[in-house]
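So this block is work.cif, mmCIF, C-alpha atoms and all ligand atoms:
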data_upload
loop_
_atom_site.label_atom_id
_atom_site.label_comp_id
_atom_site.auth_asym_id
_atom_site.auth_seq_id
_atom_site.Cartn_x
_atom_site.Cartn_y
_atom_site.Cartn_z
CA MET A 11 -13.52 -71.00 -7.81
CA LYS A 12 -13.71 -68.44 -5.04
CA LYS A 13 -11.56 -69.33 -2.10
CA GLU A 14 -13.23 -69.22 1.27
CA PHE A 15 -11.67 -68.82 4.65
CA ILE A 16 -12.74 -69.24 8.21
CA ASP A 17 -11.47 -66.44 10.38
CA PRO A 18 -10.96 -67.83 13.88
CA TRP A 19 -10.84 -64.32 15.34
CA SER A 20 -14.26 -63.30 14.08
CA SER A 21 -17.67 -64.76 14.83
CA GLU A 22 -19.18 -64.45 11.38
CA LEU A 23 -19.70 -67.82 9.82
CA SER A 24 -22.02 -69.61 7.51
CA GLY A 25 -24.24 -72.08 9.33
CA ASN A 26 -24.45 -74.85 6.79
CA TYR A 27 -22.55 -77.66 8.43
CA ASN A 28 -22.75 -79.97 5.43
CA ASP A 29 -21.08 -77.37 3.27
CA ILE A 30 -18.41 -76.87 5.87
CA VAL A 31 -17.57 -80.58 6.08
CA HIS A 32 -17.24 -80.66 2.34
CA LYS A 33 -15.32 -77.45 1.81
CA PHE A 34 -12.77 -77.99 4.51
CA GLY A 35 -12.21 -81.66 3.91
CA LEU A 36 -13.40 -82.77 7.33
CA GLU A 37 -14.34 -86.34 8.23
CA ARG A 38 -17.88 -86.97 9.27
CA PHE A 39 -18.31 -88.05 12.87
CA ASN A 40 -19.30 -91.68 13.21
CA LEU A 41 -21.20 -92.48 16.40
CA GLU A 42 -20.37 -96.19 16.36
CA ASP A 43 -16.67 -95.46 16.74
CA PHE A 44 -17.00 -94.02 20.22
CA PRO A 45 -18.08 -95.96 23.32
CA GLU A 46 -20.45 -94.40 25.88
CA PRO A 47 -21.25 -91.33 23.75
CA ASN A 48 -22.44 -88.19 25.54
CA LEU A 49 -25.57 -86.19 24.67
CA LEU A 50 -23.84 -84.02 22.09
CA MET A 51 -22.50 -87.07 20.28
CA LYS A 52 -25.75 -89.06 20.47
CA ARG A 53 -27.93 -86.19 19.34
CA GLY A 54 -25.98 -85.11 16.28
CA PHE A 55 -24.30 -81.97 17.60
CA VAL A 56 -20.88 -83.48 17.18
CA PHE A 57 -20.70 -83.62 13.41
CA ALA A 58 -17.13 -83.85 12.16
CA GLY A 59 -13.46 -83.98 12.91
CA ARG A 60 -10.02 -84.94 11.66
CA ASP A 61 -8.28 -88.26 12.26
CA LEU A 62 -10.98 -89.48 14.61
CA LYS A 63 -10.11 -93.14 14.11
CA LYS A 64 -6.75 -92.63 15.80
CA ILE A 65 -8.53 -91.57 18.94
CA SER A 66 -11.25 -94.19 18.88
CA ASN A 67 -8.53 -96.82 18.49
CA CYS A 68 -6.77 -95.51 21.57
CA ILE A 69 -10.01 -95.66 23.54
CA LYS A 70 -10.85 -99.16 22.35
CA ASN A 71 -7.33 -100.51 22.94
CA LYS A 72 -6.72 -98.56 26.14
CA LYS A 73 -3.71 -96.77 24.63
CA LYS A 74 -2.46 -93.41 25.85
CA PHE A 75 -3.82 -90.27 24.24
CA TYR A 76 -4.53 -86.71 25.33
CA VAL A 77 -7.23 -84.10 25.07
CA LEU A 78 -6.48 -80.40 25.20
CA THR A 79 -8.20 -77.05 25.06
CA GLY A 80 -7.45 -73.41 25.68
CA ILE A 81 -9.24 -70.71 27.60
CA MET A 82 -9.42 -67.33 25.90
CA PRO A 83 -9.80 -64.98 28.88
CA THR A 84 -11.32 -62.01 27.05
CA SER A 85 -14.39 -61.53 29.18
CA ASP A 86 -15.74 -61.93 32.71
CA LYS A 87 -18.55 -64.13 31.49
CA ILE A 88 -18.62 -67.55 29.91
CA HIS A 89 -21.42 -68.14 27.49
CA PHE A 90 -23.42 -71.30 27.71
CA GLY A 91 -22.11 -72.60 24.39
CA THR A 92 -18.68 -73.12 25.93
CA LYS A 93 -20.23 -75.92 27.98
CA SER A 94 -20.24 -78.05 24.80
CA ILE A 95 -16.46 -77.95 24.52
CA ILE A 96 -16.06 -78.76 28.20
CA ASP A 97 -18.55 -81.62 27.90
CA MET A 98 -16.31 -83.05 25.17
CA MET A 99 -13.21 -82.58 27.35
CA ILE A 100 -14.99 -84.44 30.14
CA TYR A 101 -16.01 -87.22 27.77
CA PHE A 102 -12.42 -87.87 26.67
CA GLN A 103 -11.11 -87.46 30.20
CA LYS A 104 -13.51 -90.19 31.31
CA GLN A 105 -12.33 -92.35 28.43
CA GLY A 106 -8.81 -92.16 29.81
CA ALA A 107 -7.25 -89.16 28.07
CA GLU A 108 -4.48 -87.16 29.71
CA THR A 109 -6.16 -83.79 30.05
CA TYR A 110 -4.62 -80.35 29.43
CA ILE A 111 -6.18 -76.94 29.81
CA LEU A 112 -4.17 -73.85 29.14
CA VAL A 113 -4.96 -70.22 29.64
CA ALA A 114 -4.28 -68.41 26.37
CA ASP A 115 -3.16 -65.26 28.15
CA LEU A 116 -0.47 -64.46 25.59
CA GLU A 117 -2.92 -64.89 22.72
CA ALA A 118 -5.39 -62.61 24.51
CA ALA A 119 -2.66 -60.03 25.04
CA ALA A 120 -1.48 -60.15 21.43
CA THR A 121 -4.83 -60.25 19.67
CA ARG A 122 -7.15 -58.47 22.10
CA GLY A 123 -4.96 -56.32 24.31
CA VAL A 124 -5.94 -58.12 27.52
CA GLU A 125 -3.41 -57.60 30.31
CA LEU A 126 -1.75 -60.73 31.65
CA LYS A 127 -2.77 -59.91 35.19
CA GLN A 128 -6.37 -59.59 34.26
CA ALA A 129 -6.29 -62.78 32.22
CA ARG A 130 -4.88 -64.57 35.23
CA LYS A 131 -7.56 -63.27 37.55
CA ARG A 132 -10.34 -64.25 35.17
CA ALA A 133 -8.94 -67.72 34.67
CA LEU A 134 -8.55 -68.41 38.37
CA GLU A 135 -11.75 -66.81 39.56
CA ILE A 136 -14.12 -67.61 36.74
CA TYR A 137 -13.08 -69.97 33.96
CA ILE A 138 -11.31 -72.77 35.77
CA PRO A 139 -13.80 -73.08 38.64
CA CYS A 140 -16.64 -73.03 36.09
CA TYR A 141 -15.03 -75.85 34.14
CA ILE A 142 -14.62 -77.86 37.32
CA ALA A 143 -18.23 -77.15 38.23
CA LEU A 144 -19.26 -78.57 34.85
CA GLY A 145 -17.63 -81.85 35.81
CA LEU A 146 -14.00 -81.68 34.78
CA ASN A 147 -11.80 -83.54 37.25
CA PRO A 148 -9.14 -81.06 38.42
CA LYS A 149 -6.98 -83.76 39.92
CA LYS A 150 -6.60 -85.35 36.53
CA THR A 151 -6.11 -82.11 34.58
CA LYS A 152 -2.88 -80.24 33.88
CA PHE A 153 -3.43 -76.51 33.82
CA TYR A 154 -0.97 -73.87 32.68
CA PHE A 155 -0.67 -70.27 31.56
CA GLN A 156 0.96 -69.67 28.18
CA SER A 157 2.98 -66.86 29.74
CA GLU A 158 4.49 -69.22 32.29
CA ASN A 159 5.24 -72.25 30.20
CA ASP A 160 8.81 -72.08 28.89
CA GLU A 161 8.59 -75.44 27.24
CA VAL A 162 5.63 -74.39 25.13
CA ARG A 163 7.11 -71.02 24.24
CA ASN A 164 10.44 -72.53 23.27
CA LEU A 165 8.67 -75.07 21.12
CA ALA A 166 6.73 -72.27 19.42
CA PHE A 167 9.95 -70.52 18.46
CA GLU A 168 11.42 -73.70 17.05
CA LEU A 169 8.29 -74.55 15.11
CA SER A 170 7.99 -71.09 13.62
CA ASN A 171 10.55 -72.02 10.99
CA LYS A 172 8.16 -74.69 9.70
CA ALA A 173 5.50 -72.15 8.74
CA THR A 174 5.46 -69.88 5.71
CA LEU A 175 3.63 -66.70 4.93
CA ASN A 176 2.03 -68.32 1.91
CA GLU A 177 0.60 -71.01 4.10
CA TYR A 178 -0.85 -68.38 6.40
CA ARG A 179 -2.50 -66.71 3.45
CA ALA A 180 -3.89 -70.06 2.29
CA ILE A 181 -5.27 -71.01 5.69
CA TYR A 182 -6.36 -67.72 7.22
CA GLY A 183 -6.61 -65.44 4.22
CA ASN A 184 -4.29 -62.94 5.88
CA ALA A 185 -1.43 -62.74 8.26
CA GLU A 186 -0.89 -60.04 10.85
CA PRO A 187 1.97 -60.30 13.36
CA PRO A 188 -0.17 -60.79 16.50
CA ARG A 189 -2.09 -63.56 14.80
CA ILE A 190 1.08 -65.22 13.63
CA MET A 191 2.47 -65.12 17.17
CA ALA A 192 -0.77 -66.47 18.66
CA SER A 193 -1.33 -69.23 16.16
CA ILE A 194 2.22 -70.61 16.34
CA LEU A 195 1.96 -70.57 20.10
CA GLN A 196 -1.30 -72.45 19.82
CA VAL A 197 0.38 -75.07 17.64
CA ALA A 198 2.97 -75.49 20.39
CA ASP A 199 0.19 -75.77 23.00
CA ILE A 200 -1.42 -78.51 20.99
CA LEU A 201 1.76 -80.48 20.32
CA HIS A 202 3.74 -80.06 23.53
CA PRO A 203 2.30 -83.11 25.39
CA GLN A 204 4.07 -85.21 22.79
CA LEU A 205 7.50 -83.89 23.77
CA ARG A 206 7.45 -86.36 26.64
CA LYS A 207 5.63 -89.19 24.97
CA LYS A 208 4.50 -89.67 21.36
CA MET A 209 0.78 -90.23 21.47
CA PRO A 210 -2.30 -89.12 19.58
CA GLY A 211 -4.09 -86.05 20.92
CA ILE A 212 -7.50 -84.57 20.27
CA VAL A 213 -8.76 -81.00 20.45
CA PRO A 214 -12.53 -80.40 20.67
CA VAL A 215 -13.27 -77.21 18.74
CA GLY A 216 -16.00 -75.11 17.27
CA ILE A 217 -15.59 -74.97 13.52
CA ASP A 218 -14.21 -71.43 13.78
CA GLN A 219 -11.03 -72.88 15.26
CA ASP A 220 -10.45 -75.36 12.44
CA PRO A 221 -7.80 -73.20 10.70
CA HIS A 222 -5.63 -73.56 13.79
CA MET A 223 -6.03 -77.31 13.57
CA ARG A 224 -4.98 -77.33 9.93
CA LEU A 225 -1.92 -75.29 10.74
CA SER A 226 -1.07 -77.58 13.68
CA ARG A 227 -1.38 -80.67 11.55
CA ASP A 228 0.73 -79.21 8.75
CA ILE A 229 3.47 -78.09 11.09
CA ALA A 230 3.36 -81.39 13.02
CA SER A 231 4.07 -83.38 9.90
CA ARG A 232 6.74 -80.98 8.65
CA ALA A 233 8.72 -80.81 11.87
CA LYS A 234 10.36 -84.18 11.20
CA LYS A 235 12.88 -83.82 13.99
CA PHE A 236 10.13 -84.16 16.60
CA GLY A 237 8.16 -87.01 15.01
CA PHE A 238 4.85 -85.53 16.15
CA ILE A 239 1.61 -87.35 15.43
CA PRO A 240 -0.66 -84.77 13.76
CA PRO A 241 -3.37 -83.84 16.27
CA SER A 242 -6.95 -84.97 15.78
CA SER A 243 -9.88 -82.64 16.18
CA ILE A 244 -13.56 -83.08 16.87
CA ASN A 245 -16.10 -80.45 15.88
CA VAL A 246 -19.16 -79.49 17.84
CA LYS A 247 -21.96 -77.41 16.35
CA PHE A 248 -22.49 -74.04 17.96
CA LEU A 249 -25.28 -73.50 20.41
CA ARG A 250 -27.35 -70.84 18.71
CA SER A 251 -28.06 -67.70 20.69
CA LEU A 252 -31.58 -67.45 22.09
CA THR A 253 -32.44 -64.93 19.39
CA GLY A 254 -31.47 -67.47 16.77
CA ASN A 255 -28.06 -66.24 15.69
CA LEU A 256 -25.73 -69.02 14.66
CA LYS A 257 -23.43 -68.71 17.60
CA MET A 258 -23.75 -67.43 21.13
CA SER A 259 -21.27 -64.66 21.49
CA LYS A 260 -20.17 -62.11 23.96
CA SER A 261 -21.32 -59.25 21.80
CA GLU A 262 -24.91 -60.41 21.78
CA GLY A 263 -27.30 -59.13 24.44
CA ASN A 264 -29.41 -62.25 24.55
CA SER A 265 -26.65 -64.80 25.08
CA LEU A 266 -27.02 -67.03 28.09
CA TYR A 267 -24.11 -67.17 30.49
CA LEU A 268 -23.00 -69.68 33.02
CA LEU A 269 -23.73 -68.02 36.39
CA ASP A 270 -26.66 -65.93 35.06
CA ASP A 271 -29.14 -65.24 37.85
CA ASP A 272 -32.87 -66.04 37.84
CA ASN A 273 -33.90 -62.63 36.53
CA GLU A 274 -31.45 -62.72 33.67
CA ILE A 275 -32.61 -66.19 32.73
CA LYS A 276 -36.23 -65.09 32.68
CA ARG A 277 -35.50 -61.95 30.68
CA LYS A 278 -33.59 -63.88 28.04
CA VAL A 279 -35.94 -66.84 27.76
CA ILE A 280 -38.97 -64.57 27.33
CA ARG A 281 -37.35 -63.07 24.24
CA ALA A 282 -36.14 -66.38 22.83
CA LEU A 283 -36.79 -67.32 19.22
CA THR A 284 -39.29 -70.17 19.20
CA GLY A 285 -40.61 -72.53 16.58
CA GLY A 286 -44.17 -71.56 17.46
CA GLN A 287 -47.01 -69.93 15.55
CA LYS A 288 -48.06 -66.31 15.79
CA THR A 289 -51.10 -66.93 17.97
CA LEU A 290 -52.07 -69.48 20.56
CA THR A 291 -55.04 -70.66 18.49
CA GLU A 292 -52.84 -71.18 15.49
CA GLN A 293 -50.31 -73.00 17.63
CA LYS A 294 -52.97 -75.39 18.91
CA GLU A 295 -54.13 -76.06 15.39
CA LYS A 296 -50.90 -76.34 13.47
CA GLY A 297 -48.39 -77.09 16.20
CA GLY A 298 -44.86 -75.73 16.47
CA ASN A 299 -41.51 -76.69 15.05
CA PRO A 300 -38.99 -77.77 17.70
CA ASP A 301 -36.18 -77.83 15.13
CA LYS A 302 -36.37 -74.06 14.75
CA ASP A 303 -36.84 -73.42 18.42
CA THR A 304 -33.81 -72.18 20.33
CA LEU A 305 -35.13 -73.54 23.64
CA PHE A 306 -35.38 -77.04 22.23
CA GLU A 307 -31.80 -76.66 21.16
CA LEU A 308 -30.90 -76.01 24.79
CA PHE A 309 -32.99 -78.99 25.90
CA ARG A 310 -31.30 -81.26 23.39
CA GLN A 311 -27.75 -80.14 23.98
CA HIS A 312 -27.79 -79.57 27.70
CA LEU A 313 -30.94 -79.62 29.74
CA ILE A 314 -32.97 -82.80 29.09
CA LYS A 315 -30.85 -85.90 29.45
CA ASP A 316 -33.65 -88.45 29.29
CA ASP A 317 -34.32 -89.37 25.64
CA ASP A 318 -37.94 -90.40 26.18
CA LYS A 319 -38.76 -87.24 28.04
CA LEU A 320 -37.24 -85.14 25.27
CA LYS A 321 -39.07 -87.06 22.55
CA GLN A 322 -42.39 -86.65 24.33
CA ARG A 323 -41.91 -82.92 24.66
CA GLU A 324 -40.93 -82.58 20.99
CA GLU A 325 -44.01 -84.50 19.96
CA ASP A 326 -46.31 -82.49 22.20
CA TYR A 327 -44.84 -79.30 20.81
CA ARG A 328 -45.28 -80.47 17.22
CA ASN A 329 -48.88 -81.43 17.94
CA GLY A 330 -49.74 -78.09 19.45
CA LYS A 331 -50.27 -79.50 22.93
CA ILE A 332 -47.53 -77.31 24.33
CA SER A 333 -47.71 -73.57 23.88
CA ASP A 334 -44.70 -71.29 23.67
CA SER A 335 -45.42 -69.77 27.03
CA GLU A 336 -45.60 -73.19 28.67
CA ASN A 337 -42.40 -74.18 26.97
CA LYS A 338 -40.67 -71.01 28.10
CA ASP A 339 -41.80 -71.56 31.69
CA TYR A 340 -40.38 -75.04 31.49
CA ALA A 341 -37.08 -73.78 30.07
CA VAL A 342 -36.82 -71.21 32.86
CA LYS A 343 -37.48 -73.93 35.41
CA LEU A 344 -34.80 -76.24 33.99
CA LEU A 345 -32.28 -73.45 33.63
CA ILE A 346 -32.79 -72.22 37.17
CA LYS A 347 -32.39 -75.76 38.45
CA PHE A 348 -29.24 -76.20 36.39
CA MET A 349 -27.77 -72.90 37.60
CA ARG A 350 -28.50 -73.60 41.29
CA ASP A 351 -26.56 -76.80 41.14
CA PHE A 352 -23.88 -75.22 39.00
CA GLN A 353 -23.40 -72.27 41.34
CA ARG A 354 -23.03 -74.51 44.33
CA LYS A 355 -20.32 -76.51 42.57
CA TYR A 356 -18.69 -73.33 41.30
CA LYS A 357 -18.35 -71.88 44.80
CA LYS A 358 -16.82 -75.08 46.04
CA ALA A 359 -14.40 -75.25 43.11
CA ARG A 360 -13.31 -71.62 43.56
CA LYS A 361 -11.78 -72.37 46.91
CA LYS A 362 -9.56 -74.99 45.38
CA THR A 363 -8.47 -73.27 42.19
CA GLU A 364 -5.41 -71.33 43.39
CA LYS A 365 -3.87 -74.52 44.69
CA LEU A 366 -3.88 -76.08 41.26
CA PHE A 367 -1.07 -73.76 40.21
CA LYS A 368 1.15 -74.07 43.26
CA ASP A 369 3.50 -76.76 41.96
N1 LIG A 401 -7.38 -69.75 20.10
C1 LIG A 401 -8.21 -70.31 21.13
C2 LIG A 401 -9.46 -69.44 21.28
O1 LIG A 401 -9.57 -68.42 20.68
C3 LIG A 401 -7.48 -70.44 22.46
C4 LIG A 401 -6.38 -71.47 22.43
C5 LIG A 401 -5.04 -71.23 22.61
C6 LIG A 401 -6.53 -72.86 22.21
N2 LIG A 401 -4.35 -72.39 22.53
C7 LIG A 401 -5.22 -73.41 22.29
C8 LIG A 401 -7.63 -73.67 21.95
C9 LIG A 401 -5.02 -74.76 22.08
C10 LIG A 401 -7.42 -75.01 21.73
C11 LIG A 401 -6.12 -75.55 21.80
O2 LIG A 401 -10.36 -69.79 22.00
#
Write out the structure in this file as structure tokens.
Amino acid sequence: MKKEFIDPWSSELSGNYNDIVHKFGLERFNLEDFPEPNLLMKRGFVFAGRDLKKISNCIKNKKKFYVLTGIMPTSDKIHFGTKSIIDMMIYFQKQGAETYILVADLEAAATRGVELKQARKRALEIYIPCYIALGLNPKKTKFYFQSENDEVRNLAFELSNKATLNEYRAIYGNAEPPRIMASILQVADILHPQLRKKMPGIVPVGIDQDPHMRLSRDIASRAKKFGFIPPSSINVKFLRSLTGNLKMSKSEGNSLYLLDDDNEIKRKVIRALTGGQKTLTEQKEKGGNPDKDTLFELFRQHLIKDDDKLKQREEDYRNGKISDSENKDYAVKLLIKFMRDFQRKYKKARKKTEKLFKD
């Protein structure tokens, strides 16, 4: 059998989520296990994970657990798909998780040549205020930079003797020094909250980051001295780009970004891949397919919270009552409304961000 790998440093991936669950031995996500599910959970975008029961038990029994993610500061823009990960962080934060967000400035330096200073600036001026604007509670979140956290770095060095080159080849398919440095550091990021208190932790990730989770779980169980509980993960499907590529990415011209202005929104939505027919007459006759439509994907994941409203629009689109141009106008309207509110919150959050790192 041909071995397949996911490369967390590249954006090429196969889009068949069923295959992925199977091949990588993931658990399927079970909606009933989680109280007060968010849109992504309710609407099937959260599809898998590892050790999810541990976390749902903590939520149900009000036991301590943590949620953690990292910011990769490689660009000045945050694509809209990142909102999904932050929505999951917010969900677990609301369910009582201790919340950690780190800036992966050392990973960015090692694997992408980003200077620490620039990573810092981006994190403080763009990423962190954007995350707060999305609804993350900064007062209940611990933020840190990898380059400034001795505890995490020291842990990484200690844990490095629990990893082998063969394991790297099995998980990643290859092993270059910068990637080894970055991935061991990431394992330390993920496990360090347990140095103070043993508790389950969960990391919301796109499926491209699953190799890191496997490595973290392997190392956690091997490093007996620490008694770490292997971290859980929860996987969110990617938001497709508006041209229909599997994943929004920074290298794609038609990706939507948080903080895009009205003109950019219009330009991108006009060119969006729809589920419509070639002509308006045909559309009225045969109807469109919302499941292929990238704008409906945005509606479902982020823009239409009301289930009835969404259902009605899907039905009208299927029946040919709604044309592509109407649907695009509507998407532009919702996006502009979203961005207005988001920008206002972003500006407010920016003023507070520096203070978060003072102590
Ligand atoms: N490797 C992650 C990325 O490319 C960034 C990261 C570093 C991270 N440490 C982490 C993500 C810990 C989750 C948990 O985006």
Item to check | Minimum-distance residue to ligand LIG 401 (chain A), chosen among A:Phe34, A:Phe248, A:Phe306, A:Tyr110 (using all atoms listed in the file) | outcome: A:Tyr110
Checklist entry - Please, which residues have at least one atom within 10 Å of an atom of ligand LIG 401 (chain A), using all atoms listed in the file, listed as a PyMOL selection string? => result chain A and resi 18-20+77-84+92+95+110-118+121+155-156+189+192-201+212-216+218-220+222-223+226+243
Could you take the residues named above and write them with C-alpha atoms, as a JSON list (two decimals), keeping the file's coordinate frame?
[["chain", "number", "residue", "atom", "x", "y", "z"],
["A", 18, "PRO", "CA", -10.96, -67.83, 13.88],
["A", 19, "TRP", "CA", -10.84, -64.32, 15.34],
["A", 20, "SER", "CA", -14.26, -63.30, 14.08],
["A", 77, "VAL", "CA", -7.23, -84.10, 25.07],
["A", 78, "LEU", "CA", -6.48, -80.40, 25.20],
["A", 79, "THR", "CA", -8.20, -77.05, 25.06],
["A", 80, "GLY", "CA", -7.45, -73.41, 25.68],
["A", 81, "ILE", "CA", -9.24, -70.71, 27.60],
["A", 82, "MET", "CA", -9.42, -67.33, 25.90],
["A", 83, "PRO", "CA", -9.80, -64.98, 28.88],
["A", 84, "THR", "CA", -11.32, -62.01, 27.05],
["A", 92, "THR", "CA", -18.68, -73.12, 25.93],
["A", 95, "ILE", "CA", -16.46, -77.95, 24.52],
["A", 110, "TYR", "CA", -4.62, -80.35, 29.43],
["A", 111, "ILE", "CA", -6.18, -76.94, 29.81],
["A", 112, "LEU", "CA", -4.17, -73.85, 29.14],
["A", 113, "VAL", "CA", -4.96, -70.22, 29.64],
["A", 114, "ALA", "CA", -4.28, -68.41, 26.37],
["A", 115, "ASP", "CA", -3.16, -65.26, 28.15],
["A", 116, "LEU", "CA", -0.47, -64.46, 25.59],
["A", 117, "GLU", "CA", -2.92, -64.89, 22.72],
["A", 118, "ALA", "CA", -5.39, -62.61, 24.51],
["A", 121, "THR", "CA", -4.83, -60.25, 19.67],
["A", 155, "PHE", "CA", -0.67, -70.27, 31.56],
["A", 156, "GLN", "CA", 0.96, -69.67, 28.18],
["A", 189, "ARG", "CA", -2.09, -63.56, 14.80],
["A", 192, "ALA", "CA", -0.77, -66.47, 18.66],
["A", 193, "SER", "CA", -1.33, -69.23, 16.16],
["A", 194, "ILE", "CA", 2.22, -70.61, 16.34],
["A", 195, "LEU", "CA", 1.96, -70.57, 20.10],
["A", 196, "GLN", "CA", -1.30, -72.45, 19.82],
["A", 197, "VAL", "CA", 0.38, -75.07, 17.64],
["A", 198, "ALA", "CA", 2.97, -75.49, 20.39],
["A", 199, "ASP", "CA", 0.19, -75.77, 23.00],
["A", 200, "ILE", "CA", -1.42, -78.51, 20.99],
["A", 201, "LEU", "CA", 1.76, -80.48, 20.32],
["A", 212, "ILE", "CA", -7.50, -84.57, 20.27],
["A", 213, "VAL", "CA", -8.76, -81.00, 20.45],
["A", 214, "PRO", "CA", -12.53, -80.40, 20.67],
["A", 215, "VAL", "CA", -13.27, -77.21, 18.74],
["A", 216, "GLY", "CA", -16.00, -75.11, 17.27],
["A", 218, "ASP", "CA", -14.21, -71.43, 13.78],
["A", 219, "GLN", "CA", -11.03, -72.88, 15.26],
["A", 220, "ASP", "CA", -10.45, -75.36, 12.44],
["A", 222, "HIS", "CA", -5.63, -73.56, 13.79],
["A", 223, "MET", "CA", -6.03, -77.31, 13.57],
["A", 226, "SER", "CA", -1.07, -77.58, 13.68],
["A", 243, "SER", "CA", -9.88, -82.64, 16.18]]
Checklist entry - Within 6 Å of region 60-72 of chain A, counting all atoms listed in the file, which residues qualify if same-chain residues fewer than 3 places away don't, as number ranges by chain? => result A: 36-37, 43-44, 242-243
Checklist entry - At what distance in Å, to one decimal, does CA of Ala282 (chain A) lie from CA of Thr253 (chain A)? => result 5.3 Å
Checklist entry - So which residues touch Asp86 (chain A) within 12 Å, counting all atoms listed in the file, skipping near sequence neighbours fewer than 5 positions away, as JSON, numbers by chain? => result {"A": [124, 128, 129, 130, 131, 132, 133, 134, 135, 136, 137, 140, 260, 267, 268, 269, 270]}
Item to check | CA of Gln293 (chain A) to CA of Lys331 (chain A), distance in Å rounded to a single decimal | outcome: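 Here the two named atoms are 8.4 Å from each other.
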Next on the checklist: One decimal, in Å: what's the spacing between CA of Ile346 (chain A) and CA of Leu305 (chain A)?
Outcome noted: 13.8 Å
Next on the checklist: With distances taken over only C-alpha atoms, which residue among A:Ile190, A:Val56, A:Asn159, A:Leu169 lies nearest Arg232 (chain A)?
Outcome noted: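 Of the candidates, the smallest distance to Arg232 (chain A) is held by A:Leu169.
Between Asn337 (chain A) and the residues A:Leu283, A:Lys358, A:Leu366, A:Arg350, the shortest atom-to-atom distance, using all atoms listed in the file, involves A:Leu283.
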Checklist entry - So which residues touch Arg53 (chain A) within 12 Å, counting all atoms listed in the file, skipping near sequence neighbours fewer than 3 positions away, as number ranges by chain? => result A: 39-41, 47-50, 56-57, 246-247, 307-312, 314-317, 320-321
Next on the checklist: If we draw a sphere of 7 Å around (-46.3, -75.0, 21.9), which residues have at least one atom in it when counting all atoms listed in the file? Please report them as a PyMOL selection string.
Outcome noted: chain A and resi 286+293+297-298+327+330-334+337
Next on the checklist: Can you tell me which residues surround Pro139 (chain A) at a distance of at most 9 Å, considering all atoms listed in the file, apart from same-chain residues fewer than 6 positions away, and format the answer as a PyMOL selection string?
Outcome noted: chain A and resi 133+355-363
Can you spit out the residues from that selection as a PDB file, in the frame of the given file, using C-alpha atoms?
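File again34.pdb, as written:
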ATOM      1  CA  ALA A 133      -8.940 -67.720  34.670  1.00  0.00           C
ATOM      2  CA  LYS A 355     -20.320 -76.510  42.570  1.00  0.00           C
ATOM      3  CA  TYR A 356     -18.690 -73.330  41.300  1.00  0.00           C
ATOM      4  CA  LYS A 357     -18.350 -71.880  44.800  1.00  0.00           C
ATOM      5  CA  LYS A 358     -16.820 -75.080  46.040  1.00  0.00           C
ATOM      6  CA  ALA A 359     -14.400 -75.250  43.110  1.00  0.00           C
ATOM      7  CA  ARG A 360     -13.310 -71.620  43.560  1.00  0.00           C
ATOM      8  CA  LYS A 361     -11.780 -72.370  46.910  1.00  0.00           C
ATOM      9  CA  LYS A 362      -9.560 -74.990  45.380  1.00  0.00           C
ATOM     10  CA  THR A 363      -8.470 -73.270  42.190  1.00  0.00           C
TER      11      THR A 363
END
Checklist entry - Which residue out of A:Lys87, A:Lys149, A:Arg179, A:Lys74 has the minimum interatomic distance to Asp17 (chain A) when all atoms listed in the file are used? => result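 Using all atoms listed in the file, Asp17 (chain A) sits closest to A:Arg179.
Distances from A:Ile138, A:Met98, A:Ala107, A:Leu175 to Pro210 (chain A) were compared using all atoms listed in the file, and the smallest one belongs to A:Ala107.
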Assuming 4 Å of padding per side, give the centre and edge lengths of the axis-aligned box around every listed atom of region 293-296 of chain A, in Å to one decimal and as JSON.
{"center_x": -52.2, "center_y": -74.7, "center_z": 16.2, "size_x": 11.8, "size_y": 11.3, "size_z": 13.4}
Checklist entry - Of the candidates A:Arg250, A:Lys276, A:Arg38, A:Lys127, which one gets nearest to Gly91 (chain A) if we count only C-alpha atoms? => result A:Arg250
